[in-house]
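Chemist: Starting off with a structure, shown below.
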Amino acid sequence: MRSPAPSQEEIRRQNLGALLRFVHERGRISRAELTTELGLNRSTIGALTAELAEAGLVTEEAPRETGRAGRPSLTVRACSDSIFVYAASIEVDLVRVARVGLGGVILDRVSFPRPVDVVGALTSAVQSFTVDSADRRIGLGVAIVGVVRREDGMVRLGPHIGMRDEPLGDQLQERLPQLQISVANVADVCALSEHTRGVAIGCDNVIYLYGDVGVGAGIIAGGHRVTGHGGYGGEVGHMVVNPSGTRCECGSRGCWDTEIGEQTLLRLAESKPDTSGQEAILAVIDRAARGDHVAQAAVRHVGDWLGFGVANLVNIFNPELVIFGGTLRDVYLASAAQVRSRLNSMGLPATREHVRLRTPTLGDDAALLGAAELAFEPLLRDPLG
Amino acid sequence: MLEVRGINKSFGPVHVLRDVALTVRSGEVTALVGDNGAGKSTLVKCIGGIYPIDNGEILVDGKPVHIHSPRDAAGLGIEIVYQDLALCDNLDIVQNMFLGRERRRGIVLDEPSMEHLAEQTLASLSIRTVSSVRQAVASLSGGQRQTVAIAKAVLWNSRLVILDEPTAALGVAQTAQVLELVRRLADNGLAVVLISHNMNDVFAVSDRIAALYLGQMVAQVKTTEVTHAQVVELITSGKSGTIA
């Protein structure tokens, strides 16, 4: 059965959402530009903007000098100071918490070493931000290095942060009942933020590889995030690349993680046993750049296997952009010759000819901004709902 | 954007460039590779108007041009960032970026507009490592100097930026930043030529690789079509079994 044509009311809500999303993603923009970009007529844009302004979501102001003839068009800007979400990123060593205004502006932030009681620390960090009672808090988005169930934010597996079947979403909801909670994998939200306001703007087929202790992928195909049935998709670190490789923490053997993970690089480079994290990786790359043969061989090994996995992913998804984030940014830049060579010899000519390999532009903020996007989603879908 | 056809250049009896051809496109990074003495720097200096060419053609946007001096090159939108960067330590960032081409208002220098333009250029390149454009260049780190030198080249509505070994002598973190900057220039629509000995740098940012061997251009290939081993072979022997 065909669904009935949308009512006027539905169309209006959809347009409100589209307009607010546009202002949220692109920043300050004139009414005239909105008219062209959204393909709606001037009076509609005027009416929609007025409605959003009345709800306190956007403001209109006279533009700066344009230097052109004619009456200048008013510019529309998101009310970043009064409409905001909380965003958090739970990483292996660190927890970051921020208040992010509409338009993707980070208003306040704190970070601290990851404590045992993550829920408690996160709750008090959220409550520690001073806010005006008139401000509107939309929700809390959380990015985490783990496999997360979409429907309730249950962390099914987070081996590097000691979580297994941890009902993180429910626990946070209990402590912060007034906020809508959404939890997702860090690679997924980084892909989202780079797609919204980073290096992948305008690209509909993107793979974001996030490396810390292990590797995960955020995949955008046809403009949509691909997270699978339960929300667990993108666990590329457990793609088996070497059946005769070493055993992985997940129980399998020869996972991609075991060839390109942080521990492998540090072990091959004969780093001191108690070092870890980005600093340790940079130290290995630095040694390699200075001519240390052991470190060079380690970086080459990891780069070669990195290219091996990327080639497989490129053949499967045919992305236009592969982004190397987290610690993989440095690993990629230091071993690009190996990564490219592998990709060029294993990738099909048709799938590899247009693929661009890039590093993120949002840096360490990608996870926070992506988590914020998750939290903003209900508002953008239905601004006045 | 730029096309070089059949360039020859000799210094006395030494024939440095032999019928060199090179095509550089907007929005792409073309890596120029070759062993020491292969003629990379000479080629760049010919394009930049420092050395006159003996014969051959240089075309910009398909039209033949004559470049007799660096000023001619700059007029065509070609800027070169040399290895030694050519920055003045005792001047600040704005003064360096406008050195020799200062803006005037009447008989005095138009400092506010130069400062504004310098800030705008740095912002357009997402350069966040420099805290103030009035900082003296002497106080900057190696990576920051490189970024200032690159920003200086971009400031003049340039369309082709040639970078000679921009990551040599930089630390790991700074190398990464400069590579990202090089990539961003091309992604913003500029044509970029990158001279580098470091194969990782070449593969990390380039779209095409042009290999010089003993003054001859032996190959110009897409980066998506070659391997590290093939490029090394081109550099060291001038040919590779699988590349014509």
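Going by the structure tokens order, chains are called A, B, ..., each with residues numbered from 1, while ligands are numbered from 1 in the order shown.
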Pull out every residue of chain A that has at least one atom within 9 Å of chain B, counting only C-alpha atoms, and report them as a PyMOL selection string.
Modeler: chain A and resi 282-283+285-286+289+329-330+332-345+349+352-359+361
Chemist: Can you pull out the residues contacting Ile201 in chain A? Cut-off 12 Å, using only C-alpha atoms, and skip same-chain residues under 3 positions away; I want them as a PyMOL selection string.
Modeler: chain A and resi 25-26+191-198+204-206+220+223+320-321+360-362
